[in-house]
Amino acid sequence: MSNIYQKLINKETKLAVIGLGYVGLPIALEFAKKIKVVGFDINAKRVEMMRNHIDPSNELTSDDFKGADIHFTHELEDLRDVTFFIVAVPTPVDGHNVPDLIPVLSASKTVGKVLKKGDYVVFESTVYPGCTEEDCIPVLEKESGLKFVSDFKVGYSPERINPGDKEHTITKILKVVSGCDQESLEIITDTYKIVVMAGVHKAPTIKVAEAAKIIENTQRDVNIALMNELSKIFDKMKINTYDVLEAAGTKWNFLNFKPGLVGGHCIGVDPYYLTYKAESMGYKAEVILGGRRINDSMGAYVAQRLVQKMIKAGKQIDKSRVLVMGATFKEDVSDIRNSKVIDVIKELQTFSVNVEITDPHAEKEEFLHEYNQTLEDKIGTGYDAIVVAVNHSAYLSLDEAYFKSILNEKGVLVDVKGIYRNKIKEITYWTL
């Protein structure tokens with residue numbers, strides 16, 4: 001088993017990445033610059049796009065595919081001669097915020113069907129501590145008929161990719177790795193070192209590595225929730241939250257978090273995996289769930305404050321037109337999954353507001369399919385209010401004259417991220 005790393009380096013065997021989303025594809029392409037790779041995804045349409053050097057997630061350019069020794073496939077047979085598997089499928093929650101393990105268990109089933117003696121499987125999907133050993137490994141054993149540890153080895157190495165971040169790419173982010181025993185830990189470490197230049201941290205157990213990943217995002221979530229709660233308090237006090245944070249931020253150990261809409265498929269999801277597991281063991285997480293409640297309420301809060309401002313400006317709410325600028329879950333990405341901007345939109349629609357939505361990155365068809373909402377191609381004029389919900393680069397240079405040109409008289413500007421703070425003098429302006 002111990003020569004698997006050498007065989008990968010010598011291109012005598014292959015590494016496969018299962019799941020080619022915004023996490024899996026960059027990993028697969030990075031490895032494919034050095035070793036033979038099979039990129040596997042169950043979606044044949046996505047596979048075809050990648051064969052044509054198109055990233056379905058719009059994160060990578062065609063240049064990123066150049067010189068990559070990779071075979072993209074959705075066929076199980078193409079995985080038969082693979083000896084090192086990396087599972088990088090999404091781990092969402094359902095409508096009740098309960099972990100949805102279907103993708104990771106399906107991926108385990110797929111790998112189990114082709115698993116051979118001496119093979120390695122490393123999970124990268126964010127899960128609760130214990131999931132790899134308690135949920136995934138039994139599936140691998142059942143499908144393969146092989147015995148864990150004696151026949152095949154398993155590790156866990158959490159993904160740390162930040163969508164839209166061109167600076168902190170996979171090669172530059174320190175990689176946490178773990179294995180089921182000392183031998184697997186060394187081989188998994190050496191394998192990741194093929195592509196990760198930033199170095200590797202060896203976690204003592206698989207559970208520790210799983211827990212480390214889940215608290216990275218939980219910590220961010222709780223800190224942002226605190227900022228959101230403060231912004232509600234300061235709003236009542238008529239103090240600008242960003243002014244407060246700027247002043248407090250002059251202290252050397254003040255943590256630099258800001259209020260906002262917390263969406264996406266990491267920060268808004270991962271804490272529920274931890275609280276779900278805690279609850280199954282008889283502990284109800286209070287701080288984490290409290291933070292989640294605050295962050296999940298922010299979209300509706302922004303919409304309600306806007307409606308209040310519009311009423312004060314004498315607007316007839318059910319006849320009003322509001323433009324929402326930005327629909328993705330964060331700036332300068334095309335990913336709309338779990339975007340909290342939709343909460344702002346839907347809350348405004350409960351007041352019978354006519355909402356128009358625009359975004360320079362989001363796909364029109366995808367947005368319609370996901371949220372049953374239409375993205376406008378062009379920004380019109382005569383709006384009663386504008387919500388700049390996402391701080392896309394394309395919006396940063398806009399000035400008061402621009403907003404005045406598309407707003408009606410007594411128009412309201414809501415700037416969720418505070419990007420126009422201290423620049424708006426004549427329009428009614430509000431920010432978190």
# chains A, B, ... in the order shown; residues from 1 in each chain; ligands from 1
call {"tool": "residues_around", "arguments": {"residues": "Thr83 of chain A", "least_positions_apart": "4", "cutoff": "8 Å", "atoms": "only C-alpha atoms", "output": "PyMOL selection string"}}
result
chain A and resi 4+13-16+115-116+118-120
call {"tool": "write_last_selection", "arguments": {"atoms": "N, CA and C atoms", "output": "PDB file, in the first residue's frame"}}
result
ATOM      1  N   ILE A   4       1.805   3.747  -3.167  1.00  0.00           N
ATOM      2  CA  ILE A   4       0.752   4.392  -3.957  1.00  0.00           C
ATOM      3  C   ILE A   4       1.145   5.823  -4.367  1.00  0.00           C
ATOM      4  N   THR A  13      -0.467   5.029 -11.887  1.00  0.00           N
ATOM      5  CA  THR A  13      -1.847   4.878 -11.432  1.00  0.00           C
ATOM      6  C   THR A  13      -2.528   6.244 -11.452  1.00  0.00           C
ATOM      7  N   LYS A  14      -3.820   6.262 -11.155  1.00  0.00           N
ATOM      8  CA  LYS A  14      -4.577   7.514 -11.287  1.00  0.00           C
ATOM      9  C   LYS A  14      -5.238   7.932  -9.981  1.00  0.00           C
ATOM     10  N   LEU A  15      -5.464   9.245  -9.886  1.00  0.00           N
ATOM     11  CA  LEU A  15      -6.241   9.839  -8.798  1.00  0.00           C
ATOM     12  C   LEU A  15      -7.563  10.298  -9.402  1.00  0.00           C
ATOM     13  N   ALA A  16      -8.658  10.087  -8.681  1.00  0.00           N
ATOM     14  CA  ALA A  16      -9.967  10.560  -9.168  1.00  0.00           C
ATOM     15  C   ALA A  16     -10.546  11.572  -8.196  1.00  0.00           C
ATOM     16  N   LEU A 115     -14.010   0.152  -5.708  1.00  0.00           N
ATOM     17  CA  LEU A 115     -12.908   0.104  -4.736  1.00  0.00           C
ATOM     18  C   LEU A 115     -12.182  -1.241  -4.793  1.00  0.00           C
ATOM     19  N   LYS A 116     -10.843  -1.177  -4.773  1.00  0.00           N
ATOM     20  CA  LYS A 116     -10.011  -2.376  -4.810  1.00  0.00           C
ATOM     21  C   LYS A 116      -9.124  -2.426  -3.567  1.00  0.00           C
ATOM     22  N   GLY A 118      -6.114  -2.087  -1.338  1.00  0.00           N
ATOM     23  CA  GLY A 118      -4.981  -1.165  -1.395  1.00  0.00           C
ATOM     24  C   GLY A 118      -5.341   0.258  -1.787  1.00  0.00           C
ATOM     25  N   ASP A 119      -6.611   0.511  -2.110  1.00  0.00           N
ATOM     26  CA  ASP A 119      -7.032   1.858  -2.532  1.00  0.00           C
ATOM     27  C   ASP A 119      -7.187   2.812  -1.340  1.00  0.00           C
ATOM     28  N   TYR A 120      -7.161   4.109  -1.667  1.00  0.00           N
ATOM     29  CA  TYR A 120      -7.335   5.184  -0.687  1.00  0.00           C
ATOM     30  C   TYR A 120      -8.567   6.009  -1.046  1.00  0.00           C
TER      31      TYR A 120
END
call {"tool": "residues_around", "arguments": {"residues": "Leu255 of chain A", "least_positions_apart": "5", "cutoff": "12 Å", "atoms": "only C-alpha atoms", "output": "list of chain:residue names"}}
result
A:Gln219, A:Arg220, A:Asn223, A:Ile224, A:Leu226, A:Met227, A:Leu245, A:Glu246, A:Ala248, A:Gly249, A:Thr250
call {"tool": "closest_residue", "arguments": {"among": "A:Lys236, A:Arg80, A:Lys117, A:Lys153", "to": "Arg305 of chain A", "atoms": "only C-alpha atoms"}}
result
A:Lys236
call {"tool": "residues_around", "arguments": {"residues": "Met50 of chain A", "least_positions_apart": "2", "cutoff": "12 Å", "atoms": "only C-alpha atoms", "output": "JSON list (two decimals) with C-alpha atoms, in the first residue's frame"}}
result
[["chain", "number", "residue", "atom", "x", "y", "z"],
["A", 20, "LEU", "CA", -16.59, 18.60, -9.96],
["A", 21, "GLY", "CA", -18.25, 21.67, -8.49],
["A", 25, "LEU", "CA", -12.80, 20.96, -10.31],
["A", 26, "PRO", "CA", -9.94, 23.24, -9.13],
["A", 28, "ALA", "CA", -8.74, 17.95, -10.08],
["A", 29, "LEU", "CA", -7.09, 20.40, -12.48],
["A", 39, "GLY", "CA", -12.62, 13.90, -13.06],
["A", 40, "PHE", "CA", -15.98, 12.29, -12.26],
["A", 41, "ASP", "CA", -19.36, 13.99, -12.05],
["A", 43, "ASN", "CA", -24.04, 15.34, -14.47],
["A", 44, "ALA", "CA", -23.28, 14.43, -18.11],
["A", 45, "LYS", "CA", -24.02, 17.99, -19.31],
["A", 46, "ARG", "CA", -21.45, 19.43, -16.89],
["A", 47, "VAL", "CA", -18.92, 16.78, -17.94],
["A", 48, "GLU", "CA", -19.36, 17.80, -21.59],
["A", 52, "ASN", "CA", -14.71, 21.72, -23.77],
["A", 53, "HIS", "CA", -12.68, 23.62, -21.14],
["A", 54, "ILE", "CA", -15.71, 25.40, -19.68],
["A", 55, "ASP", "CA", -16.15, 25.57, -15.91],
["A", 56, "PRO", "CA", -19.90, 25.24, -15.15],
["A", 57, "SER", "CA", -19.31, 27.18, -11.90],
["A", 58, "ASN", "CA", -17.76, 30.12, -13.84],
["A", 60, "LEU", "CA", -12.06, 29.06, -13.83],
["A", 61, "THR", "CA", -11.06, 30.14, -17.34],
["A", 62, "SER", "CA", -10.26, 27.89, -20.30],
["A", 64, "ASP", "CA", -6.87, 26.68, -16.29],
["A", 65, "PHE", "CA", -7.63, 23.48, -18.24],
["A", 66, "LYS", "CA", -4.50, 23.71, -20.40],
["A", 68, "ALA", "CA", -3.99, 19.06, -17.55],
["A", 70, "ILE", "CA", -7.35, 14.69, -16.97],
["A", 71, "HIS", "CA", -10.20, 12.58, -18.29],
["A", 72, "PHE", "CA", -13.67, 13.97, -17.53],
["A", 73, "THR", "CA", -16.38, 11.35, -17.23],
["A", 74, "HIS", "CA", -19.75, 10.38, -15.79]]
call {"tool": "residues_around", "arguments": {"residues": "Glu183 of chain A", "least_positions_apart": "4", "cutoff": "12 Å", "atoms": "only C-alpha atoms", "output": "list of chain:residue names"}}
result
A:Met1, A:Ser2, A:Asn3, A:Ile4, A:Tyr5, A:Tyr120, A:Val149, A:Ser150, A:Phe152, A:Lys153, A:Val154, A:Gly155, A:Ser178, A:Gly179, A:Ile187, A:Ile188, A:Thr189, A:Asp190
call {"tool": "closest_residue", "arguments": {"among": "A:Ala211, A:Leu230, A:Ala401, A:Val98", "to": "Tyr276 of chain A", "atoms": "only C-alpha atoms"}}
result
A:Val98
call {"tool": "residues_around", "arguments": {"residues": "segment 415-426 of chain A", "least_positions_apart": "2", "cutoff": "7 Å", "atoms": "only C-alpha atoms", "output": "compact mmCIF listing (two decimals) with C-alpha atoms, in the first residue's frame"}}
result
# COMPACT_ATOMS: atom_id res chain seq x y z
CA GLY A 260 -24.60 41.53 6.16
CA VAL A 387 -31.33 48.03 -2.79
CA VAL A 388 -27.64 47.43 -3.50
CA ALA A 389 -27.55 43.97 -1.96
CA ASN A 391 -20.92 44.66 -3.34
CA LEU A 396 -18.26 50.17 -6.43
CA GLU A 400 -25.01 59.66 -6.16
CA LEU A 413 -31.24 53.96 -1.42
CA THR A 428 -32.59 59.13 1.62
CA TYR A 429 -29.91 56.57 2.47
CA TRP A 430 -29.85 53.59 4.83
CA THR A 431 -27.32 50.87 5.54
CA LEU A 432 -26.97 48.05 8.05
call {"tool": "closest_atom_pairs", "arguments": {"of": "segment 2-68 of chain A", "to": "segment 162-177 of chain A", "cutoff": "9 Å", "atoms": "only C-alpha atoms", "output": "CSV"}}
result
residue,atom,partner,partner_atom,distance
A:Tyr22,CA,A:Pro163,CA,7.1
A:Val23,CA,A:Pro163,CA,8.5
A:Pro26,CA,A:Ile170,CA,7.4
A:Ile27,CA,A:Ile170,CA,7.0
A:Glu30,CA,A:Thr171,CA,8.0
A:Glu59,CA,A:Gly164,CA,6.6
call {"tool": "closest_residue", "arguments": {"among": "A:Glu286, A:Asp221, A:Asp243, A:Asp359", "to": "Gly263 of chain A", "atoms": "only C-alpha atoms"}}
result
A:Asp221
call {"tool": "atom_distance", "arguments": {"atom1": "atom CA of Glu124 of chain A", "atom2": "atom CA of Gln182 of chain A"}}
result
19.0 Å
call {"tool": "select_by_dssp", "arguments": {"residues": "segment 152-397 of chain A", "states": "alpha helix (DSSP H)", "output": "PyMOL selection string"}}
result
chain A and resi 182-193+206-236+241-248+270-280+287-312+341-350+364-371+393-396
call {"tool": "write_last_selection", "arguments": {"atoms": "C-alpha atoms", "output": "compact mmCIF listing (two decimals), in the first residue's frame"}}
result
# COMPACT_ATOMS: atom_id res chain seq x y z
CA GLN A 182 -0.17 6.52 10.70
CA GLU A 183 0.63 5.01 7.29
CA SER A 184 -2.43 6.56 5.64
CA LEU A 185 -1.72 9.93 7.25
CA GLU A 186 1.77 9.98 5.70
CA ILE A 187 0.60 8.92 2.23
CA ILE A 188 -2.35 11.35 2.21
CA THR A 189 0.02 14.12 3.37
CA ASP A 190 2.54 13.33 0.61
CA THR A 191 -0.22 13.16 -2.01
CA TYR A 192 -1.62 16.59 -1.14
CA LYS A 193 1.89 18.03 -1.04
CA ILE A 206 -10.39 12.08 11.19
CA LYS A 207 -12.94 13.46 13.70
CA VAL A 208 -10.60 16.32 14.67
CA ALA A 209 -10.20 17.29 11.01
CA GLU A 210 -13.98 17.17 10.48
CA ALA A 211 -14.54 19.32 13.58
CA ALA A 212 -11.84 21.83 12.58
CA LYS A 213 -13.55 22.50 9.27
CA ILE A 214 -17.00 22.89 10.71
CA ILE A 215 -15.95 25.39 13.37
CA GLU A 216 -14.10 27.58 10.86
CA ASN A 217 -17.42 28.55 9.29
CA THR A 218 -19.38 28.39 12.56
CA GLN A 219 -17.01 30.94 14.08
CA ARG A 220 -17.52 33.31 11.16
CA ASP A 221 -21.27 32.82 11.32
CA VAL A 222 -21.51 33.64 15.03
CA ASN A 223 -19.28 36.71 14.66
CA ILE A 224 -21.32 38.06 11.74
CA ALA A 225 -24.51 37.40 13.75
CA LEU A 226 -23.12 39.58 16.54
CA MET A 227 -22.49 42.38 14.01
CA ASN A 228 -26.01 41.98 12.62
CA GLU A 229 -27.53 42.19 16.08
CA LEU A 230 -25.42 45.27 16.83
CA SER A 231 -26.57 46.87 13.58
CA LYS A 232 -30.21 46.43 14.66
CA ILE A 233 -29.45 47.98 18.05
CA PHE A 234 -27.45 50.88 16.61
CA ASP A 235 -30.14 51.53 14.01
CA LYS A 236 -32.62 52.15 16.83
CA THR A 241 -22.77 50.70 12.58
CA TYR A 242 -19.84 51.11 10.19
CA ASP A 243 -18.74 54.27 12.00
CA VAL A 244 -18.81 52.31 15.26
CA LEU A 245 -16.83 49.41 13.78
CA GLU A 246 -14.26 51.79 12.31
CA ALA A 247 -13.72 53.37 15.72
CA ALA A 248 -13.64 50.05 17.59
CA ASP A 270 -22.20 24.22 8.08
CA PRO A 271 -23.27 25.30 11.59
CA TYR A 272 -26.44 23.20 11.19
CA TYR A 273 -24.28 20.09 10.73
CA LEU A 274 -22.62 20.73 14.08
CA THR A 275 -25.84 21.57 15.93
CA TYR A 276 -27.58 18.52 14.41
CA LYS A 277 -24.85 16.20 15.68
CA ALA A 278 -24.78 17.94 19.08
CA GLU A 279 -28.54 17.51 19.42
CA SER A 280 -28.32 13.81 18.54
CA VAL A 287 -25.02 30.42 20.81
CA ILE A 288 -24.66 28.77 17.39
CA LEU A 289 -28.41 28.44 16.77
CA GLY A 290 -29.00 31.94 18.14
CA GLY A 291 -26.50 33.26 15.59
CA ARG A 292 -28.19 31.30 12.82
CA ARG A 293 -31.60 32.75 13.72
CA ILE A 294 -30.26 36.31 13.59
CA ASN A 295 -28.46 35.79 10.27
CA ASP A 296 -31.45 34.04 8.70
CA SER A 297 -33.69 36.97 9.67
CA MET A 298 -31.60 39.71 8.05
CA GLY A 299 -33.11 39.61 4.55
CA ALA A 300 -36.62 40.24 5.88
CA TYR A 301 -35.26 42.92 8.23
CA VAL A 302 -33.62 44.85 5.36
CA ALA A 303 -36.86 44.73 3.35
CA GLN A 304 -38.97 45.89 6.32
CA ARG A 305 -36.66 48.84 7.02
CA LEU A 306 -36.84 49.83 3.36
CA VAL A 307 -40.65 49.75 3.38
CA GLN A 308 -40.66 51.94 6.52
CA LYS A 309 -38.35 54.45 4.79
CA MET A 310 -40.56 54.48 1.69
CA ILE A 311 -43.73 55.09 3.73
CA LYS A 312 -41.95 57.97 5.46
CA VAL A 341 -30.90 38.35 -1.38
CA ILE A 342 -33.96 36.27 -2.24
CA ASP A 343 -35.20 36.84 1.35
CA VAL A 344 -35.12 40.60 0.73
CA ILE A 345 -36.98 40.16 -2.57
CA LYS A 346 -39.67 37.86 -1.21
CA GLU A 347 -40.29 40.03 1.84
CA LEU A 348 -40.72 43.10 -0.39
CA GLN A 349 -43.16 41.12 -2.53
CA THR A 350 -45.30 40.36 0.54
CA LYS A 364 -30.81 34.41 -15.92
CA GLU A 365 -32.12 30.85 -16.55
CA GLU A 366 -30.57 29.46 -13.40
CA PHE A 367 -32.08 32.24 -11.26
CA LEU A 368 -35.51 31.67 -12.75
CA HIS A 369 -35.23 27.91 -12.17
CA GLU A 370 -33.91 28.24 -8.61
CA TYR A 371 -36.11 31.07 -7.29
CA SER A 393 -16.88 45.37 -8.28
CA ALA A 394 -19.14 46.71 -11.05
CA TYR A 395 -21.13 48.65 -8.43
CA LEU A 396 -18.26 50.17 -6.43
call {"tool": "atom_distance", "arguments": {"atom1": "atom CA of Asn372 of chain A", "atom2": "atom CA of Val333 of chain A"}}
result
20.1 Å
call {"tool": "select_by_dssp", "arguments": {"residues": "segment 67-156 of chain A", "states": "strand (DSSP E or B)", "output": "list in words"}}
result
Ile70, His71, Phe72, Thr73, Val82, Thr83, Phe84, Phe85, Ile86, Val87, Val93, Pro99, Tyr120, Val121, Val122, Phe123, Phe148, Phe152, Lys153, Val154, Gly155 and Tyr156 of chain A
call {"tool": "write_last_selection", "arguments": {"atoms": "N, CA and C atoms", "output": "PDB file, in the first residue's frame"}}
result
ATOM      1  N   ILE A  70      -6.093  15.032 -17.647  1.00  0.00           N
ATOM      2  CA  ILE A  70      -7.352  14.693 -16.974  1.00  0.00           C
ATOM      3  C   ILE A  70      -8.367  14.122 -17.957  1.00  0.00           C
ATOM      4  N   HIS A  71      -9.105  13.147 -17.505  1.00  0.00           N
ATOM      5  CA  HIS A  71     -10.203  12.581 -18.290  1.00  0.00           C
ATOM      6  C   HIS A  71     -11.506  12.851 -17.543  1.00  0.00           C
ATOM      7  N   PHE A  72     -12.375  13.664 -18.147  1.00  0.00           N
ATOM      8  CA  PHE A  72     -13.666  13.974 -17.534  1.00  0.00           C
ATOM      9  C   PHE A  72     -14.683  12.906 -17.922  1.00  0.00           C
ATOM     10  N   THR A  73     -15.450  12.438 -16.948  1.00  0.00           N
ATOM     11  CA  THR A  73     -16.381  11.353 -17.231  1.00  0.00           C
ATOM     12  C   THR A  73     -17.566  11.332 -16.260  1.00  0.00           C
ATOM     13  N   VAL A  82      -8.463   3.514 -10.957  1.00  0.00           N
ATOM     14  CA  VAL A  82      -8.077   4.579 -10.009  1.00  0.00           C
ATOM     15  C   VAL A  82      -7.724   3.935  -8.670  1.00  0.00           C
ATOM     16  N   THR A  83      -6.688   4.464  -7.996  1.00  0.00           N
ATOM     17  CA  THR A  83      -6.330   3.910  -6.673  1.00  0.00           C
ATOM     18  C   THR A  83      -6.458   4.937  -5.540  1.00  0.00           C
ATOM     19  N   PHE A  84      -6.605   6.227  -5.895  1.00  0.00           N
ATOM     20  CA  PHE A  84      -6.712   7.278  -4.877  1.00  0.00           C
ATOM     21  C   PHE A  84      -7.922   8.138  -5.229  1.00  0.00           C
ATOM     22  N   PHE A  85      -8.946   8.110  -4.373  1.00  0.00           N
ATOM     23  CA  PHE A  85     -10.199   8.832  -4.631  1.00  0.00           C
ATOM     24  C   PHE A  85     -10.338  10.024  -3.690  1.00  0.00           C
ATOM     25  N   ILE A  86     -10.705  11.174  -4.243  1.00  0.00           N
ATOM     26  CA  ILE A  86     -11.032  12.345  -3.428  1.00  0.00           C
ATOM     27  C   ILE A  86     -12.509  12.660  -3.652  1.00  0.00           C
ATOM     28  N   VAL A  87     -13.292  12.674  -2.585  1.00  0.00           N
ATOM     29  CA  VAL A  87     -14.728  12.950  -2.679  1.00  0.00           C
ATOM     30  C   VAL A  87     -14.978  14.417  -2.310  1.00  0.00           C
ATOM     31  N   VAL A  93     -28.168  21.348   3.448  1.00  0.00           N
ATOM     32  CA  VAL A  93     -29.206  21.015   4.442  1.00  0.00           C
ATOM     33  C   VAL A  93     -30.542  21.057   3.717  1.00  0.00           C
ATOM     34  N   PRO A  99     -29.090  18.170   8.027  1.00  0.00           N
ATOM     35  CA  PRO A  99     -28.067  17.760   7.049  1.00  0.00           C
ATOM     36  C   PRO A  99     -28.607  16.771   6.018  1.00  0.00           C
ATOM     37  N   TYR A 120      -7.161   4.109  -1.667  1.00  0.00           N
ATOM     38  CA  TYR A 120      -7.335   5.184  -0.687  1.00  0.00           C
ATOM     39  C   TYR A 120      -8.567   6.009  -1.046  1.00  0.00           C
ATOM     40  N   VAL A 121      -9.323   6.430  -0.034  1.00  0.00           N
ATOM     41  CA  VAL A 121     -10.451   7.341  -0.237  1.00  0.00           C
ATOM     42  C   VAL A 121     -10.317   8.490   0.757  1.00  0.00           C
ATOM     43  N   VAL A 122     -10.318   9.713   0.239  1.00  0.00           N
ATOM     44  CA  VAL A 122     -10.239  10.899   1.107  1.00  0.00           C
ATOM     45  C   VAL A 122     -11.487  11.756   0.876  1.00  0.00           C
ATOM     46  N   PHE A 123     -12.174  12.084   1.950  1.00  0.00           N
ATOM     47  CA  PHE A 123     -13.365  12.937   1.865  1.00  0.00           C
ATOM     48  C   PHE A 123     -12.975  14.391   2.118  1.00  0.00           C
ATOM     49  N   PHE A 148     -12.424  -2.150   5.895  1.00  0.00           N
ATOM     50  CA  PHE A 148     -11.764  -0.873   6.198  1.00  0.00           C
ATOM     51  C   PHE A 148     -10.472  -1.114   6.980  1.00  0.00           C
ATOM     52  N   PHE A 152      -8.574  -1.306   2.594  1.00  0.00           N
ATOM     53  CA  PHE A 152      -8.497   0.046   2.007  1.00  0.00           C
ATOM     54  C   PHE A 152      -8.385   1.071   3.131  1.00  0.00           C
ATOM     55  N   LYS A 153      -7.812   2.221   2.799  1.00  0.00           N
ATOM     56  CA  LYS A 153      -7.593   3.269   3.813  1.00  0.00           C
ATOM     57  C   LYS A 153      -8.449   4.492   3.492  1.00  0.00           C
ATOM     58  N   VAL A 154      -8.806   5.209   4.553  1.00  0.00           N
ATOM     59  CA  VAL A 154      -9.654   6.398   4.398  1.00  0.00           C
ATOM     60  C   VAL A 154      -9.041   7.573   5.164  1.00  0.00           C
ATOM     61  N   GLY A 155      -9.199   8.762   4.611  1.00  0.00           N
ATOM     62  CA  GLY A 155      -8.762   9.981   5.294  1.00  0.00           C
ATOM     63  C   GLY A 155      -9.796  11.072   5.110  1.00  0.00           C
ATOM     64  N   TYR A 156      -9.568  12.179   5.791  1.00  0.00           N
ATOM     65  CA  TYR A 156     -10.443  13.342   5.646  1.00  0.00           C
ATOM     66  C   TYR A 156      -9.568  14.582   5.575  1.00  0.00           C
TER      67      TYR A 156
END
call {"tool": "residues_around", "arguments": {"residues": "Cys136 of chain A", "least_positions_apart": "6", "cutoff": "12 Å", "atoms": "only C-alpha atoms", "output": "list of chain:residue names"}}
result
A:Val87, A:Leu101, A:Ile102, A:Pro103, A:Val104, A:Leu105, A:Ser106, A:Ala107, A:Ser108, A:Lys109, A:Thr110, A:Val111, A:Gly112, A:Val121, A:Val122, A:Phe123, A:Ser125, A:Val127, A:Tyr128, A:Pro129, A:Gly130, A:Lys142, A:Glu143, A:Phe148, A:Val154, A:Gly155, A:Tyr156
call {"tool": "write_last_selection", "arguments": {"atoms": "N, CA and C atoms", "output": "compact mmCIF listing (two decimals), in the first residue's frame"}}
result
# COMPACT_ATOMS: atom_id res chain seq x y z
N VAL A 87 -13.29 12.67 -2.58
CA VAL A 87 -14.73 12.95 -2.68
C VAL A 87 -14.98 14.42 -2.31
N LEU A 101 -27.31 14.19 3.64
CA LEU A 101 -26.12 13.40 3.34
C LEU A 101 -26.25 12.62 2.04
N ILE A 102 -27.34 12.80 1.30
CA ILE A 102 -27.55 12.01 0.08
C ILE A 102 -26.37 12.14 -0.90
N PRO A 103 -25.87 13.37 -1.20
CA PRO A 103 -24.75 13.44 -2.16
C PRO A 103 -23.50 12.69 -1.69
N VAL A 104 -23.13 12.85 -0.42
CA VAL A 104 -21.89 12.22 0.06
C VAL A 104 -22.05 10.70 0.20
N LEU A 105 -23.25 10.25 0.54
CA LEU A 105 -23.49 8.80 0.62
C LEU A 105 -23.57 8.18 -0.77
N SER A 106 -24.14 8.92 -1.73
CA SER A 106 -24.18 8.45 -3.12
C SER A 106 -22.77 8.35 -3.70
N ALA A 107 -21.95 9.35 -3.39
CA ALA A 107 -20.55 9.33 -3.84
C ALA A 107 -19.80 8.15 -3.22
N SER A 108 -20.09 7.88 -1.94
CA SER A 108 -19.45 6.73 -1.26
C SER A 108 -19.86 5.43 -1.94
N LYS A 109 -21.12 5.36 -2.36
CA LYS A 109 -21.63 4.18 -3.07
C LYS A 109 -20.91 4.00 -4.40
N THR A 110 -20.76 5.10 -5.11
CA THR A 110 -20.06 5.07 -6.41
C THR A 110 -18.63 4.56 -6.24
N VAL A 111 -17.92 5.14 -5.27
CA VAL A 111 -16.53 4.73 -5.03
C VAL A 111 -16.47 3.27 -4.58
N GLY A 112 -17.41 2.90 -3.69
CA GLY A 112 -17.45 1.52 -3.18
C GLY A 112 -17.58 0.49 -4.29
N VAL A 121 -9.32 6.43 -0.03
CA VAL A 121 -10.45 7.34 -0.24
C VAL A 121 -10.32 8.49 0.76
N VAL A 122 -10.32 9.71 0.24
CA VAL A 122 -10.24 10.90 1.11
C VAL A 122 -11.49 11.76 0.88
N PHE A 123 -12.17 12.08 1.95
CA PHE A 123 -13.36 12.94 1.86
C PHE A 123 -12.97 14.39 2.12
N SER A 125 -15.71 16.83 1.63
CA SER A 125 -17.00 17.48 1.89
C SER A 125 -17.13 17.83 3.37
N VAL A 127 -18.65 17.94 6.79
CA VAL A 127 -19.60 17.08 7.49
C VAL A 127 -19.45 17.26 8.99
N TYR A 128 -20.35 16.68 9.77
CA TYR A 128 -20.20 16.75 11.23
C TYR A 128 -19.16 15.73 11.68
N PRO A 129 -18.52 15.96 12.82
CA PRO A 129 -17.52 15.00 13.32
C PRO A 129 -18.14 13.61 13.48
N GLY A 130 -17.50 12.63 12.88
CA GLY A 130 -17.99 11.25 12.97
C GLY A 130 -18.63 10.76 11.68
N LYS A 142 -19.76 -1.98 2.41
CA LYS A 142 -20.90 -2.74 1.89
C LYS A 142 -20.82 -2.89 0.37
N GLU A 143 -20.52 -1.79 -0.31
CA GLU A 143 -20.50 -1.83 -1.78
C GLU A 143 -19.31 -2.62 -2.33
N PHE A 148 -12.42 -2.15 5.89
CA PHE A 148 -11.76 -0.87 6.20
C PHE A 148 -10.47 -1.11 6.98
N VAL A 154 -8.81 5.21 4.55
CA VAL A 154 -9.65 6.40 4.40
C VAL A 154 -9.04 7.57 5.16
N GLY A 155 -9.20 8.76 4.61
CA GLY A 155 -8.76 9.98 5.29
C GLY A 155 -9.80 11.07 5.11
N TYR A 156 -9.57 12.18 5.79
CA TYR A 156 -10.44 13.34 5.65
C TYR A 156 -9.57 14.58 5.58
call {"tool": "closest_residue", "arguments": {"among": "A:Ala313, A:Glu363, A:Ser339, A:Val355", "to": "Ile427 of chain A", "atoms": "only C-alpha atoms"}}
result
A:Ala313
